[in-house]
file upload-v7.txt (compact mmCIF, C-alpha atoms and all ligand atoms)
# COMPACT_ATOMS: atom_id res chain seq x y z
CA MET A 1 115.90 94.58 87.69
CA SER A 2 115.09 93.44 91.20
CA LYS A 3 111.40 93.32 92.10
CA ARG A 4 112.30 94.22 95.68
CA LEU A 5 113.16 97.78 94.65
CA GLU A 6 110.08 98.40 92.54
CA GLY A 7 108.03 99.97 95.32
CA ILE A 8 110.92 101.99 96.73
CA GLU A 9 111.10 105.72 96.06
CA GLU A 10 114.43 107.54 95.92
CA SER A 11 115.12 109.59 99.06
CA ALA A 12 113.21 112.88 98.78
CA THR A 13 115.73 114.75 100.90
CA PHE A 14 118.65 113.66 98.73
CA ARG A 15 116.61 114.37 95.59
CA VAL A 16 115.97 117.98 96.64
CA ALA A 17 119.58 118.41 97.77
CA ASP A 18 120.85 117.04 94.43
CA LEU A 19 118.58 119.45 92.57
CA ALA A 20 119.85 122.35 94.69
CA ASN A 21 123.46 121.31 94.01
CA LYS A 22 122.78 121.08 90.29
CA LEU A 23 121.40 124.63 90.30
CA LYS A 24 124.41 125.79 92.33
CA ARG A 25 126.77 124.24 89.79
CA ALA A 26 124.88 126.09 87.07
CA GLY A 27 125.80 129.31 88.88
CA LYS A 28 122.50 129.91 90.71
CA ASP A 29 122.62 131.29 94.21
CA VAL A 30 120.59 128.62 96.01
CA ILE A 31 119.61 128.74 99.69
CA SER A 32 119.23 125.12 100.69
CA PHE A 33 116.97 124.22 103.59
CA SER A 34 116.94 120.63 102.37
CA LEU A 35 119.44 118.21 103.93
CA GLY A 36 119.63 117.56 107.66
CA GLU A 37 123.27 118.39 107.85
CA PRO A 38 124.95 120.68 110.41
CA ASP A 39 127.03 123.31 108.60
CA PHE A 40 129.67 123.35 111.38
CA ASP A 41 133.09 121.78 110.99
CA THR A 42 133.62 118.64 113.04
CA PRO A 43 135.25 119.80 116.32
CA LEU A 44 139.06 119.94 116.15
CA HIS A 45 139.83 117.35 118.85
CA ILE A 46 137.75 114.78 116.95
CA ARG A 47 139.51 115.51 113.68
CA GLU A 48 142.91 115.37 115.42
CA SER A 49 142.11 111.98 116.87
CA ALA A 50 141.20 110.54 113.46
CA LYS A 51 144.33 112.10 111.91
CA LYS A 52 146.47 110.53 114.61
CA ALA A 53 144.85 107.15 113.93
CA LEU A 54 145.66 107.56 110.23
CA ASP A 55 149.27 108.44 110.99
CA GLU A 56 149.58 105.47 113.33
CA GLY A 57 148.51 103.14 110.54
CA LYS A 58 145.05 102.38 111.87
CA THR A 59 143.87 102.00 108.33
CA HIS A 60 142.86 98.35 108.19
CA TYR A 61 139.64 96.42 108.65
CA THR A 62 138.43 96.55 112.22
CA PRO A 63 136.28 93.92 113.94
CA SER A 64 132.94 94.02 112.16
CA ALA A 65 131.12 95.18 115.29
CA GLY A 66 133.60 98.06 115.72
CA ILE A 67 136.80 98.46 117.75
CA LEU A 68 136.40 97.40 121.37
CA GLU A 69 137.57 100.79 122.76
CA LEU A 70 134.76 102.56 120.89
CA ARG A 71 132.16 100.00 121.96
CA GLU A 72 133.34 100.49 125.55
CA SER A 73 132.91 104.26 125.20
CA ILE A 74 129.45 103.70 123.75
CA ALA A 75 128.50 101.33 126.59
CA ASN A 76 129.53 104.09 128.98
CA LYS A 77 127.53 106.66 127.03
CA PHE A 78 124.44 104.46 127.15
CA LYS A 79 124.60 104.67 130.96
CA GLU A 80 123.52 108.32 130.50
CA ASN A 81 120.40 106.90 128.87
CA GLY A 82 119.75 104.54 131.76
CA LEU A 83 120.83 101.52 129.69
CA GLU A 84 123.24 98.99 131.17
CA VAL A 85 124.84 97.19 128.25
CA THR A 86 128.09 95.38 127.48
CA PRO A 87 130.26 96.00 124.38
CA ASN A 88 128.94 92.66 123.02
CA GLU A 89 125.48 94.17 122.84
CA ILE A 90 126.71 97.07 120.69
CA ILE A 91 127.33 97.36 116.98
CA VAL A 92 129.14 100.26 115.27
CA THR A 93 128.06 100.88 111.69
CA PRO A 94 128.81 103.22 108.78
CA GLY A 95 126.09 105.70 109.85
CA ALA A 96 122.89 105.35 111.84
CA LYS A 97 121.04 104.83 108.57
CA GLN A 98 122.95 101.58 108.09
CA THR A 99 122.16 100.61 111.70
CA ILE A 100 118.45 101.14 111.05
CA PHE A 101 118.61 99.16 107.82
CA GLU A 102 120.40 96.26 109.51
CA ALA A 103 118.11 96.25 112.55
CA ILE A 104 114.97 96.19 110.43
CA GLN A 105 116.32 93.42 108.16
CA ALA A 106 117.35 91.45 111.24
CA VAL A 107 113.91 91.33 112.85
CA LEU A 108 111.16 91.76 110.27
CA ASN A 109 109.81 88.94 108.14
CA GLU A 110 107.76 88.91 104.98
CA GLY A 111 104.20 89.96 105.86
CA ASP A 112 105.08 91.60 109.20
CA GLU A 113 103.90 95.14 109.92
CA ALA A 114 105.83 97.97 111.55
CA ILE A 115 104.14 101.09 112.91
CA LEU A 116 105.58 104.52 112.19
CA PHE A 117 104.34 107.70 113.79
CA GLU A 118 103.58 109.84 110.84
CA PRO A 119 104.97 112.21 109.62
CA ALA A 120 108.04 109.99 109.76
CA TRP A 121 111.60 110.20 108.49
CA VAL A 122 111.90 109.18 104.85
CA SER A 123 114.01 106.02 105.18
CA TYR A 124 112.05 103.89 107.68
CA GLY A 125 109.36 102.94 105.16
CA PRO A 126 111.80 101.83 102.44
CA CYS A 127 113.87 99.81 104.96
CA ILE A 128 110.69 98.05 106.13
CA LYS A 129 109.59 97.34 102.56
CA LEU A 130 113.02 95.94 101.69
CA ALA A 131 112.50 93.42 104.48
CA GLY A 132 109.26 92.36 102.74
CA ALA A 133 107.24 93.88 105.56
CA LYS A 134 104.63 96.65 105.56
CA PRO A 135 105.06 100.14 107.01
CA VAL A 136 101.86 101.28 108.74
CA GLY A 137 101.64 105.03 109.29
CA ALA A 138 99.88 106.06 112.50
CA PRO A 139 99.20 109.80 112.12
CA ILE A 140 100.34 111.79 115.11
CA ASN A 141 98.26 114.57 116.58
CA VAL A 142 100.04 117.58 115.04
CA GLU A 143 98.65 119.97 117.65
CA ASN A 144 100.20 118.30 120.68
CA PHE A 145 102.46 115.70 119.06
CA LYS A 146 101.04 112.96 121.29
CA PRO A 147 101.03 109.38 119.97
CA GLU A 148 97.40 109.03 121.00
CA GLY A 149 95.13 106.41 119.53
CA PHE A 150 97.78 104.47 117.67
CA GLU A 151 96.76 101.16 119.25
CA GLU A 152 94.06 100.93 116.59
CA PHE A 153 96.86 100.41 114.04
CA VAL A 154 98.19 97.37 115.90
CA THR A 155 97.17 94.10 114.23
CA LYS A 156 98.17 90.48 114.67
CA LYS A 157 100.91 91.13 112.12
CA THR A 158 102.47 94.07 113.95
CA LYS A 159 105.99 93.27 115.07
CA MET A 160 107.59 96.63 115.73
CA ILE A 161 106.97 100.27 116.58
CA ILE A 162 109.43 102.89 115.42
CA VAL A 163 109.98 105.79 117.80
CA ASN A 164 112.00 108.82 116.73
CA SER A 165 112.30 111.42 119.44
CA PRO A 166 113.36 114.17 118.86
CA CYS A 167 111.62 113.69 115.56
CA ASN A 168 112.66 114.37 112.01
CA PRO A 169 110.67 116.11 110.41
CA THR A 170 108.56 117.77 113.14
CA GLY A 171 111.19 118.46 115.81
CA ALA A 172 108.70 117.05 118.34
CA VAL A 173 109.95 115.39 121.51
CA PHE A 174 108.12 112.57 123.28
CA ASP A 175 108.07 113.14 127.03
CA ARG A 176 107.91 110.37 129.63
CA SER A 177 104.13 110.13 129.49
CA ASN A 178 104.14 109.69 125.70
CA LEU A 179 106.84 107.06 125.97
CA LYS A 180 104.95 105.28 128.75
CA MET A 181 101.92 105.13 126.46
CA ILE A 182 104.05 103.45 123.78
CA THR A 183 105.69 101.16 126.33
CA ASP A 184 102.35 99.91 127.61
CA ILE A 185 101.17 99.06 124.12
CA ALA A 186 104.50 97.41 123.20
CA MET A 187 104.23 95.23 126.31
CA ASP A 188 100.54 94.40 125.87
CA HIS A 189 101.05 93.29 122.27
CA ASP A 190 104.56 91.88 122.69
CA LEU A 191 106.15 94.28 120.19
CA LEU A 192 109.71 95.35 119.53
CA VAL A 193 110.58 99.04 119.60
CA LEU A 194 113.20 100.63 117.37
CA SER A 195 114.14 103.89 119.06
CA ASP A 196 116.06 106.24 116.77
CA GLU A 197 117.70 108.76 119.11
CA ILE A 198 120.06 110.41 116.65
CA TYR A 199 118.79 113.91 117.62
CA GLU A 200 119.05 113.22 121.34
CA LYS A 201 121.40 116.16 121.97
CA ILE A 202 119.74 118.67 119.64
CA LEU A 203 117.24 119.59 122.28
CA TYR A 204 116.15 123.03 123.49
CA THR A 205 113.65 122.83 126.30
CA SER A 206 112.93 119.30 127.43
CA GLU A 207 115.00 116.32 128.58
CA HIS A 208 115.77 113.34 126.43
CA VAL A 209 114.34 110.04 127.64
CA SER A 210 115.31 106.69 126.13
CA ILE A 211 112.37 104.32 125.90
CA GLY A 212 114.70 101.39 126.58
CA GLN A 213 115.11 102.53 130.20
CA PHE A 214 111.47 101.80 131.10
CA ASP A 215 110.91 98.63 133.13
CA GLY A 216 110.90 95.56 130.92
CA MET A 217 111.75 97.52 127.75
CA GLN A 218 115.45 96.91 127.32
CA ASP A 219 114.78 93.33 126.16
CA ARG A 220 112.51 94.53 123.38
CA THR A 221 114.22 97.76 122.32
CA ILE A 222 116.80 98.50 119.66
CA THR A 223 118.32 101.87 120.56
CA ILE A 224 119.98 103.68 117.70
CA ASN A 225 122.27 106.67 117.79
CA GLY A 226 125.16 108.17 115.85
CA PHE A 227 127.70 110.96 115.49
CA SER A 228 126.37 112.81 112.43
CA LYS A 229 124.09 115.34 114.08
CA THR A 230 125.53 115.80 117.57
CA TYR A 231 129.14 116.25 116.47
CA ALA A 232 128.64 117.54 112.90
CA MET A 233 130.09 114.30 111.50
CA THR A 234 127.69 113.47 108.66
CA GLY A 235 130.43 112.57 106.19
CA TRP A 236 132.30 110.35 108.63
CA ARG A 237 129.53 107.75 108.44
CA LEU A 238 129.47 106.53 112.00
CA GLY A 239 126.46 105.20 113.87
CA TYR A 240 125.75 102.62 116.54
CA ALA A 241 123.08 100.60 118.27
CA THR A 242 122.43 98.45 121.26
CA ALA A 243 119.85 95.68 121.29
CA PRO A 244 119.37 92.23 122.76
CA LYS A 245 122.41 90.15 121.81
CA GLU A 246 120.58 87.87 119.35
CA ILE A 247 119.48 90.93 117.33
CA ILE A 248 122.99 92.43 117.40
CA ASP A 249 124.40 89.07 116.23
CA ASP A 250 122.10 88.99 113.22
CA MET A 251 122.81 92.64 112.41
CA LEU A 252 126.46 91.69 112.54
CA LYS A 253 125.95 88.98 109.92
CA LEU A 254 124.45 91.58 107.59
CA GLN A 255 127.33 93.92 108.25
CA GLN A 256 129.98 91.24 107.75
CA HIS A 257 128.52 90.44 104.35
CA SER A 258 127.94 94.02 103.22
CA THR A 259 130.05 96.88 104.56
CA SER A 260 132.41 94.76 106.75
CA CYS A 261 132.93 97.52 109.31
CA ALA A 262 132.77 101.26 109.83
CA THR A 263 135.85 103.17 108.63
CA SER A 264 138.77 102.44 110.96
CA PHE A 265 140.10 105.97 111.62
CA ALA A 266 136.57 107.40 111.85
CA GLN A 267 136.01 105.07 114.82
CA TYR A 268 138.94 106.69 116.66
CA GLY A 269 137.29 110.06 116.00
CA GLY A 270 134.17 108.57 117.56
CA ILE A 271 136.02 107.78 120.79
CA ALA A 272 137.30 111.38 120.97
CA ALA A 273 133.76 112.64 120.36
CA LEU A 274 132.24 110.64 123.20
CA GLU A 275 135.08 110.97 125.69
CA GLY A 276 136.27 114.50 124.88
CA PRO A 277 134.87 117.87 125.98
CA GLN A 278 131.17 118.36 125.23
CA GLU A 279 131.21 122.20 125.15
CA CYS A 280 131.39 122.00 121.36
CA VAL A 281 127.97 120.33 121.39
CA THR A 282 126.51 122.99 123.70
CA GLY A 283 127.88 125.69 121.40
CA MET A 284 126.28 124.15 118.31
CA VAL A 285 122.96 123.55 120.07
CA ASN A 286 122.86 127.19 121.27
CA GLU A 287 123.41 128.34 117.72
CA PHE A 288 120.68 125.96 116.43
CA LYS A 289 118.34 127.44 119.01
CA ALA A 290 118.99 130.99 117.80
CA ARG A 291 118.39 129.78 114.24
CA ARG A 292 115.18 128.04 115.26
CA ASP A 293 113.87 131.26 116.79
CA LEU A 294 114.85 133.22 113.69
CA ILE A 295 113.17 130.86 111.24
CA VAL A 296 110.01 130.34 113.28
CA GLU A 297 109.52 134.07 113.83
CA GLY A 298 110.19 134.71 110.15
CA LEU A 299 107.70 132.07 109.03
CA VAL A 300 105.02 133.32 111.41
CA ASP A 301 105.58 136.85 110.00
CA LEU A 302 104.90 135.42 106.56
CA GLY A 303 101.61 134.02 107.82
CA ILE A 304 102.92 130.44 107.76
CA LYS A 305 101.67 128.33 110.63
CA CYS A 306 104.32 126.40 112.50
CA LYS A 307 105.04 125.22 116.01
CA LYS A 308 108.30 126.08 117.69
CA PRO A 309 109.99 122.67 117.84
CA ASP A 310 111.63 121.40 121.03
CA GLY A 311 114.40 119.60 119.23
CA THR A 312 116.29 118.79 115.99
CA PHE A 313 117.01 121.46 113.38
CA TYR A 314 113.79 121.10 111.40
CA VAL A 315 110.57 123.04 111.19
CA PHE A 316 107.52 121.38 109.70
CA ALA A 317 105.47 124.26 108.38
CA ASN A 318 101.88 124.19 107.21
CA VAL A 319 101.74 126.12 103.93
CA SER A 320 98.19 125.15 102.95
CA GLN A 321 97.08 128.75 102.41
CA PHE A 322 99.59 128.98 99.54
CA GLY A 323 99.09 125.54 97.96
CA ASN A 324 100.09 122.02 98.90
CA GLY A 325 103.62 121.34 100.12
CA GLU A 326 104.83 120.01 96.78
CA ASP A 327 103.57 123.05 94.85
CA VAL A 328 105.05 125.48 97.33
CA ALA A 329 108.40 123.65 97.35
CA GLU A 330 108.47 123.71 93.57
CA ARG A 331 107.64 127.43 93.40
CA LEU A 332 110.23 128.26 96.02
CA LEU A 333 112.93 126.46 94.09
CA ARG A 334 111.89 127.69 90.65
CA ASP A 335 111.14 131.32 91.52
CA ALA A 336 113.45 132.02 94.44
CA TYR A 337 116.15 129.34 94.43
CA VAL A 338 115.10 128.25 97.90
CA ALA A 339 115.22 124.47 98.42
CA VAL A 340 112.88 122.84 100.98
CA THR A 341 111.51 119.28 101.22
CA PRO A 342 107.80 118.71 100.48
CA GLY A 343 106.05 117.34 103.57
CA ILE A 344 104.45 114.51 101.60
CA ALA A 345 107.86 112.81 101.58
CA PHE A 346 107.21 112.07 105.27
CA GLY A 347 103.82 110.46 104.70
CA PRO A 348 100.34 111.46 103.47
CA SER A 349 99.63 113.57 106.55
CA GLY A 350 102.47 115.87 105.47
CA GLU A 351 100.73 116.91 102.27
CA ASP A 352 100.12 120.51 103.34
CA TYR A 353 103.58 120.97 104.82
CA ILE A 354 107.15 121.72 103.89
CA ARG A 355 110.15 120.66 105.96
CA ILE A 356 112.76 123.31 106.48
CA SER A 357 116.17 122.27 107.77
CA TYR A 358 117.69 125.29 109.50
CA ALA A 359 121.16 123.82 109.85
CA ILE A 360 122.49 126.77 107.83
CA SER A 361 123.83 130.16 108.93
CA GLN A 362 121.56 132.89 110.30
CA ALA A 363 122.54 135.07 107.33
CA HIS A 364 121.35 132.37 104.92
CA ILE A 365 118.17 131.83 106.93
CA SER A 366 117.37 135.57 106.74
CA GLU A 367 118.08 135.64 103.02
CA GLY A 368 115.93 132.52 102.53
CA LEU A 369 113.06 134.15 104.43
CA ASN A 370 113.31 137.32 102.29
CA ARG A 371 113.09 135.25 99.14
CA MET A 372 110.19 133.21 100.50
CA LYS A 373 108.33 136.41 101.24
CA LYS A 374 108.50 137.39 97.58
CA VAL A 375 107.14 134.03 96.46
CA VAL A 376 104.31 133.52 98.96
C1 LIG B 401 115.78 110.43 111.99
C2 LIG B 401 117.09 110.09 111.39
N1 LIG B 401 117.63 108.89 111.66
C3 LIG B 401 118.80 108.53 111.13
C4 LIG B 401 119.50 109.37 110.29
C5 LIG B 401 120.79 108.87 109.68
O1 LIG B 401 121.93 109.43 110.22
P1 LIG B 401 123.38 108.97 109.78
O2 LIG B 401 124.03 110.14 109.14
O3 LIG B 401 124.09 108.58 111.04
O4 LIG B 401 123.24 107.81 108.85
C6 LIG B 401 118.98 110.62 109.96
C7 LIG B 401 119.68 111.50 109.02
O5 LIG B 401 119.14 112.37 108.41
C8 LIG B 401 117.74 110.99 110.54
O6 LIG B 401 117.20 112.18 110.29

call {"tool": "encode", "arguments": {"input": "upload-v7.txt", "output": "C-alpha cells", "more": "lines below"}}
Ligand SMILES: Cc1ncc(COP(=O)(O)O)c(C=O)c1O
result
Amino acid sequence: MSKRLEGIEESATFRVADLANKLKRAGKDVISFSLGEPDFDTPLHIRESAKKALDEGKTHYTPSAGILELRESIANKFKENGLEVTPNEIIVTPGAKQTIFEAIQAVLNEGDEAILFEPAWVSYGPCIKLAGAKPVGAPINVENFKPEGFEEFVTKKTKMIIVNSPCNPTGAVFDRSNLKMITDIAMDHDLLVLSDEIYEKILYTSEHVSIGQFDGMQDRTITINGFSKTYAMTGWRLGYATAPKEIIDDMLKLQQHSTSCATSFAQYGGIAALEGPQECVTGMVNEFKARRDLIVEGLVDLGIKCKKPDGTFYVFANVSQFGNGEDVAERLLRDAYVAVTPGIAFGPSGEDYIRISYAISQAHISEGLNRMKKVV
C-alpha cells in the first residue's frame, strides 16, 4: 500500500453520510444533517441544456481545460468578482474538490507549509498532505470569526494561505477588513492564496468579496468556485478556477493525466447555469435563510450555543454542556437516528462542536430538532 495515504483519514462527512444511508437501507427513519448537499432539484433550464447537449451528440471528450464557451461564460462571471481573466487562465474540472486537489498539487512541494483557518473544511488538509506538504491550522476567533493573529503561524516554509469565505463549517464570512488583513500578510511574506468561494452565493446578510480583487493579489491568488452549491448540482461534478497561467497550465497537466476533462454535457448545463436566469438561486437562498432561522432558534431553545451564520447552509454548534462533539454525534445517531458531523473533523478547535448541514426541508429540520431534544 502507498505510504502517501497512510496519514490520510477518510472524509468524515462522507463517513457520516454513508452510515446514515446504511441505517436508512436497514429501514431506519434517519434525519441526516450530514452532507453539504442542497436538497433542491437542479433548475429545469440547466437540466434542459444538458439534455439538449446529450441529444446533439455532445458526448465526447472535451478540451481538458473545458469547452471554450463555458470558459468564456466563467471569465464573464469572474468580472462580477472584480477579476479580469481570459479563458486561458481558467480550468473547468469535475467538481471544485478536484480543482482544489489539482491547485494544491500544482504549487506545493515536499516540506512546504500551508495555513488553514481552523475550523476548516475536511479536504484541504488531506490534499496538502498528499502534496507532501504540511497543513498548519491557525485557530480562528470563534466569537468574531476574525483571522486575527495568524501571522504567528507563518514560517519560512509557508507557501500558501487557504481562505474559505463563506466558510464550511462555520458559515462565517470574511468582510473586506478581514481579507485586507490576509492580503497584507500574503504580500509581506510573498505567499499564494487559495480562495475557495464555492459558497459565494449562499449568503444572507453581507456581500461577497473575492480576495483576488485586492491590489496586487490576482497574481498570487487561485480563485475556486463551482456549480454544486449555488445551482444544486452536486452530482454533476462541475467546478472551476482561475489562477496565474503557469499554475493553470500545471493543473491542466494533472487533469490531462487523471480525469481528462469534466463531463461534456454537464459543461453545457454549466453555461445555462451561469448565463440563464438567476431567480432560481434567489429562491433557494431565501429558503436556506428560513431554514437557518429555524435551526438556530431551535438549537438555542435546546440550550445549545451557536451563532447565526451569515452564509452557507451549516451551523457549527457548541455542544460542550452535553459532551464533546464526537460523543454527542454518536448519541444522536444511535438514540435518535439524527446524523450530524463531529466538529473535530474540521480540526482540534472543533472538539466541542457538531456541524449541522441544514440543506434539508423545514419539516425534516423540525423533526430533527424534536429528536435532538429527547437526546440532549
Ligand atoms: C468548502 C468546500 N469547498 C469545496 C467543496 C467541493 O465542492 P464540489 O462539489 O464542487 O466538489 C465543498 C463541498 O462540500 C466545500 O464545502

call {"tool": "residues_near_ligand", "arguments": {"input": "upload-v7.txt", "ligand": "ligand LIG 401 (chain B)", "cutoff": "7 Å", "atoms": "all atoms listed in the file", "output": "PyMOL selection string"}}
result
chain A and resi 36+95-98+121+164+167-168+196+198+226-228+234+237-239

call {"tool": "residues_around", "arguments": {"input": "upload-v7.txt", "residues": "Ala53 in chain A", "least_positions_apart": "4", "cutoff": "8 Å", "atoms": "all atoms listed in the file", "output": "count of residues only"}}
result
6

call {"tool": "axis_aligned_box", "arguments": {"input": "upload-v7.txt", "around": "range 276-292 of chain A", "padding_each_side": "3 Å", "output": "lines of an AutoDock Vina configuration file"}}
result
center_x = 125.7
center_y = 122.7
center_z = 120.1
size_x = 27.1
size_y = 22.5
size_z = 17.7

call {"tool": "closest_residue", "arguments": {"input": "upload-v7.txt", "among": "A:Ile128, A:Ala339, A:Met372, A:Val154", "to": "Asp301 in chain A", "atoms": "only C-alpha atoms"}}
result
A:Met372

call {"tool": "closest_residue", "arguments": {"input": "upload-v7.txt", "among": "A:Glu89, A:Glu48, A:Glu246, A:Glu118", "to": "Glu351 in chain A", "atoms": "all atoms listed in the file"}}
result
A:Glu118

call {"tool": "closest_residue", "arguments": {"input": "upload-v7.txt", "among": "A:Leu252, A:Val136, A:Ile222, A:Ile202", "to": "Phe313 in chain A", "atoms": "only C-alpha atoms"}}
result
A:Ile202

call {"tool": "residues_around", "arguments": {"input": "upload-v7.txt", "residues": "range 283-291 of chain A", "least_positions_apart": "4", "cutoff": "9 Å", "atoms": "all atoms listed in the file", "output": "count of residues only"}}
result
22

call {"tool": "residues_around", "arguments": {"input": "upload-v7.txt", "residues": "range 66-74 of chain A", "least_positions_apart": "2", "cutoff": "7 Å", "atoms": "only C-alpha atoms", "output": "count of residues only"}}
result
16

call {"tool": "residues_around", "arguments": {"input": "upload-v7.txt", "residues": "Glu326 in chain A", "least_positions_apart": "2", "cutoff": "12 Å", "atoms": "all atoms listed in the file", "output": "NGL selection string"}}
result
:A and (12 or 16 or 318-320 or 322-324 or 328-333 or 339-346 or 348 or 350-355)

call {"tool": "build_atoms", "arguments": {"input": "upload-v7.txt", "residues": "range 193-213 of chain A", "atoms": "N, CA and C atoms", "output": "tab-separated table (two decimals), keeping the file's coordinate frame"}}
result
chain	number	residue	atom	x	y	z
A	193	VAL	N	110.53	97.60	119.86
A	193	VAL	CA	110.58	99.04	119.60
A	193	VAL	C	111.95	99.37	119.01
A	194	LEU	N	111.94	100.10	117.89
A	194	LEU	CA	113.20	100.63	117.37
A	194	LEU	C	113.19	102.11	117.74
A	195	SER	N	114.12	102.51	118.59
A	195	SER	CA	114.14	103.89	119.06
A	195	SER	C	115.33	104.61	118.42
A	196	ASP	N	115.01	105.51	117.49
A	196	ASP	CA	116.06	106.24	116.77
A	196	ASP	C	116.29	107.55	117.52
A	197	GLU	N	117.44	107.62	118.22
A	197	GLU	CA	117.70	108.76	119.11
A	197	GLU	C	118.82	109.65	118.58
A	198	ILE	N	118.93	109.70	117.25
A	198	ILE	CA	120.06	110.41	116.65
A	198	ILE	C	120.05	111.91	116.98
A	199	TYR	N	118.86	112.48	117.28
A	199	TYR	CA	118.79	113.91	117.62
A	199	TYR	C	118.76	114.16	119.13
A	200	GLU	N	119.12	113.14	119.88
A	200	GLU	CA	119.05	113.22	121.34
A	200	GLU	C	119.62	114.52	121.92
A	201	LYS	N	120.73	114.98	121.38
A	201	LYS	CA	121.40	116.16	121.97
A	201	LYS	C	120.92	117.48	121.37
A	202	ILE	N	120.19	117.41	120.26
A	202	ILE	CA	119.74	118.67	119.64
A	202	ILE	C	118.36	118.96	120.23
A	203	LEU	N	118.42	119.47	121.45
A	203	LEU	CA	117.24	119.59	122.28
A	203	LEU	C	117.26	120.95	122.97
A	204	TYR	N	116.12	121.65	123.01
A	204	TYR	CA	116.15	123.03	123.49
A	204	TYR	C	115.47	123.23	124.84
A	205	THR	N	114.37	122.52	125.07
A	205	THR	CA	113.65	122.83	126.30
A	205	THR	C	113.46	121.61	127.20
A	206	SER	N	113.29	120.45	126.60
A	206	SER	CA	112.93	119.30	127.43
A	206	SER	C	114.14	118.38	127.64
A	207	GLU	N	113.92	117.29	128.38
A	207	GLU	CA	115.00	116.32	128.58
A	207	GLU	C	114.81	115.17	127.60
A	208	HIS	N	115.90	114.51	127.29
A	208	HIS	CA	115.77	113.34	126.43
A	208	HIS	C	115.56	112.10	127.28
A	209	VAL	N	114.58	111.29	126.92
A	209	VAL	CA	114.34	110.04	127.64
A	209	VAL	C	114.42	108.90	126.64
A	210	SER	N	115.22	107.88	126.99
A	210	SER	CA	115.31	106.69	126.13
A	210	SER	C	114.23	105.71	126.54
A	211	ILE	N	113.48	105.23	125.58
A	211	ILE	CA	112.37	104.32	125.90
A	211	ILE	C	112.90	102.99	126.45
A	212	GLY	N	114.12	102.65	126.10
A	212	GLY	CA	114.70	101.39	126.58
A	212	GLY	C	114.89	101.34	128.08
A	213	GLN	N	114.88	102.52	128.74
A	213	GLN	CA	115.11	102.53	130.20
A	213	GLN	C	113.85	102.20	131.01
